[in-house]
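These notes are about the structure you will find just below.
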Amino acid sequence: MANNFSLSDQPLESLARLHVPPESGSVVTFWGRVRDHNEGRRVEGLEYSSYAELAVKEGQRIIDAAVRRFGLDAAQAVHRVGALAVGDAAVVVETASGHRGEGFEACRWIIDEIKHRVPIWKREHYQEGDRAWVSCHHETTTTAN
Amino acid sequence: MTVQIRYYALLQDQAGQTQETRQTNAVTVADLWDELAAAYAFTLDAELVRAAINDEFCSWDEPLTNNCLVVFMPPVAGG
């Protein structure tokens with residue numbers, strides 16, 4: 001299944017990888033993982049929630065746009081939802097293209113667009129036991145300042 | 001009219017529920033946001049929030065229709 005965006009409540013490592021057609025000389029894969037720290041705080045885990053119906057639509061629009069814009073042979077992205085531990089894969093983006101240049105560029109573009117546009121939210125769990133919605137906290141703090 | 005509302009992330013915490021069916025006199029999405037922000041003391045600035053009707057992004061002046069599904073989305077944080 002090529003050119004697809006999806007959400008998964010299962011570990012991404014076990015999912016099917018991108019089908020790479022024979023004309024592709026380059027495959028670029030980006031793995032986003034759960035970090036053990038954020039903005040000076042120790043992170044023990046997190047949860048992703050999503051507005052699934054719209055997230056899948058918007059994610060698919062990003063993949064389709066990337067294929068057209070960069071002339072990719074194939075692309076896919078899968079984002080985790082649910083509870084994740086430090087080190088777990090949060091998102092994987094894969095592109096197949098004739099050459100590496102457009103592959104790297106497209107992979108970067110896709111993950112940036114996902115971060116900005118797809119309705120997915122992250123709540124981090126900290127070592128001290130409290131939890132916070134990351135972007136909301138950041139944005140409201142920034143606004144208040 | 002009657003509208004269906006779903007809440008996510010910070011707005012879910014502040015509304016104290018995941019969804020509700022609500023009777024409202026609001027005409028537009030912006031009117032409904034004002035009503036909910038007052039009812040639940042939302043702390044997010046509306047400028048940071050995006051709205052959707054029936055699983056598609058919409059503008060703040062989009063008119064509500066009977067039984068439509070409305071979602072207000074806090075700043076996203078995927079990736």
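By order in the structure tokens, chains are A, B, ...; within a chain, residues start at 1; ligands start at 1, following the order shown.
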
Just the residues within 12 Å of Gly16 in chain B, please, counting only C-alpha atoms, with nothing from its chain fewer than 6 positions along; format it as a PyMOL selection string. chain B and resi 6-10+36+39-42

Restricting the output to N, CA, C and O atoms, write the selected residues as a CSV table (one decimal), in the first residue's frame.
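Saved as again_21.csv:
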chain,number,residue,atom,x,y,z
B,6,ARG,N,-17.4,17.6,20.2
B,6,ARG,CA,-16.4,16.6,20.7
B,6,ARG,C,-15.2,17.5,21.3
B,6,ARG,O,-14.9,18.5,20.6
B,7,TYR,N,-14.7,17.0,22.4
B,7,TYR,CA,-13.6,17.7,23.0
B,7,TYR,C,-12.3,16.9,23.0
B,7,TYR,O,-12.3,15.7,23.2
B,8,TYR,N,-11.2,17.6,22.7
B,8,TYR,CA,-9.9,16.9,22.8
B,8,TYR,C,-8.9,17.6,23.6
B,8,TYR,O,-8.9,18.9,23.8
B,9,ALA,N,-7.9,16.9,24.1
B,9,ALA,CA,-6.7,17.4,24.8
B,9,ALA,C,-7.1,18.4,25.9
B,9,ALA,O,-8.0,18.1,26.7
B,10,LEU,N,-6.5,19.6,25.9
B,10,LEU,CA,-6.8,20.5,27.0
B,10,LEU,C,-8.2,20.9,27.1
B,10,LEU,O,-8.8,21.1,28.2
B,36,LEU,N,-19.1,28.3,24.8
B,36,LEU,CA,-18.4,27.3,25.5
B,36,LEU,C,-17.3,27.8,26.3
B,36,LEU,O,-17.0,27.3,27.4
B,39,ALA,N,-18.8,29.0,29.4
B,39,ALA,CA,-19.4,27.9,30.2
B,39,ALA,C,-18.3,27.1,30.9
B,39,ALA,O,-18.5,26.7,32.1
B,40,TYR,N,-17.2,26.9,30.3
B,40,TYR,CA,-16.1,26.0,30.8
B,40,TYR,C,-14.9,26.7,31.2
B,40,TYR,O,-13.9,26.1,31.6
B,41,ALA,N,-14.9,28.0,31.1
B,41,ALA,CA,-13.7,28.8,31.4
B,41,ALA,C,-12.4,28.3,30.7
B,41,ALA,O,-11.4,28.1,31.2
B,42,PHE,N,-12.6,28.2,29.3
B,42,PHE,CA,-11.4,27.8,28.5
B,42,PHE,C,-10.3,28.8,28.7
B,42,PHE,O,-10.6,30.0,28.6

Residues of chain A within 6 Å of chain B, using only C-alpha atoms, as a PyMOL selection string? chain A and resi 54+91+115+119-122+135-136

Write out the residues from the selection above, keeping N, CA, C and O atoms, as a PDB file, in the first residue's frame.
ATOM      1  N   LEU A  54     -10.436  13.457  11.111  1.00  0.00           N
ATOM      2  CA  LEU A  54      -9.809  14.582  10.410  1.00  0.00           C
ATOM      3  C   LEU A  54      -8.291  14.393  10.296  1.00  0.00           C
ATOM      4  O   LEU A  54      -7.676  14.821   9.307  1.00  0.00           O
ATOM      5  N   VAL A  91       6.384   8.291  15.328  1.00  0.00           N
ATOM      6  CA  VAL A  91       5.961   8.500  13.943  1.00  0.00           C
ATOM      7  C   VAL A  91       7.052   7.949  13.022  1.00  0.00           C
ATOM      8  O   VAL A  91       8.236   7.989  13.358  1.00  0.00           O
ATOM      9  N   LYS A 115       3.490  17.842  11.851  1.00  0.00           N
ATOM     10  CA  LYS A 115       3.584  18.535  13.142  1.00  0.00           C
ATOM     11  C   LYS A 115       2.689  19.767  13.197  1.00  0.00           C
ATOM     12  O   LYS A 115       2.161  20.105  14.238  1.00  0.00           O
ATOM     13  N   PRO A 119      -4.403  17.014  13.416  1.00  0.00           N
ATOM     14  CA  PRO A 119      -4.926  17.114  14.786  1.00  0.00           C
ATOM     15  C   PRO A 119      -4.585  15.914  15.672  1.00  0.00           C
ATOM     16  O   PRO A 119      -5.366  14.982  15.839  1.00  0.00           O
ATOM     17  N   ILE A 120      -3.375  15.989  16.204  1.00  0.00           N
ATOM     18  CA  ILE A 120      -2.850  15.003  17.153  1.00  0.00           C
ATOM     19  C   ILE A 120      -2.302  15.802  18.327  1.00  0.00           C
ATOM     20  O   ILE A 120      -1.667  16.843  18.125  1.00  0.00           O
ATOM     21  N   TRP A 121      -2.555  15.313  19.547  1.00  0.00           N
ATOM     22  CA  TRP A 121      -2.098  16.028  20.740  1.00  0.00           C
ATOM     23  C   TRP A 121      -1.274  15.114  21.617  1.00  0.00           C
ATOM     24  O   TRP A 121      -1.503  13.897  21.669  1.00  0.00           O
ATOM     25  N   LYS A 122      -0.313  15.730  22.307  1.00  0.00           N
ATOM     26  CA  LYS A 122       0.638  14.967  23.127  1.00  0.00           C
ATOM     27  C   LYS A 122       0.569  15.440  24.575  1.00  0.00           C
ATOM     28  O   LYS A 122       0.736  16.638  24.848  1.00  0.00           O
ATOM     29  N   SER A 135       1.902  21.289  23.539  1.00  0.00           N
ATOM     30  CA  SER A 135       1.822  22.500  22.738  1.00  0.00           C
ATOM     31  C   SER A 135       0.939  23.548  23.403  1.00  0.00           C
ATOM     32  O   SER A 135       1.238  24.735  23.368  1.00  0.00           O
ATOM     33  N   CYS A 136      -0.157  23.091  24.033  1.00  0.00           N
ATOM     34  CA  CYS A 136      -1.052  24.021  24.722  1.00  0.00           C
ATOM     35  C   CYS A 136      -0.288  24.773  25.796  1.00  0.00           C
ATOM     36  O   CYS A 136      -0.377  25.985  25.914  1.00  0.00           O
TER      37      CYS A 136
END

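The coordinates place CA of Ala77 in chain A at 5.6 Å from CA of Val92 in chain A.
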
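Residues with any atom within 10 Å of Ala132 in chain A, counting only C-alpha atoms and excluding same-chain neighbours fewer than 5 positions away, are A:Leu46, A:Lys122, A:Arg123, A:Glu124, A:His125, A:Tyr126, A:His137, A:His138, B:Ala9, B:Leu10.
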
Could you please write out, as a VMD selection string, every residue of chain B that DSSP assigns to strand (DSSP E)? chain B and resid 2 to 6 19 to 23 50 to 53 56 to 58 69 to 73

Neighbouring residues of range 22-27 of chain B were defined as those with any atom within 6 Å, considering only C-alpha atoms; residues of the same chain fewer than 6 positions away were excluded. Please report them as a VMD selection string. chain B and resid 1 to 3 63 to 64
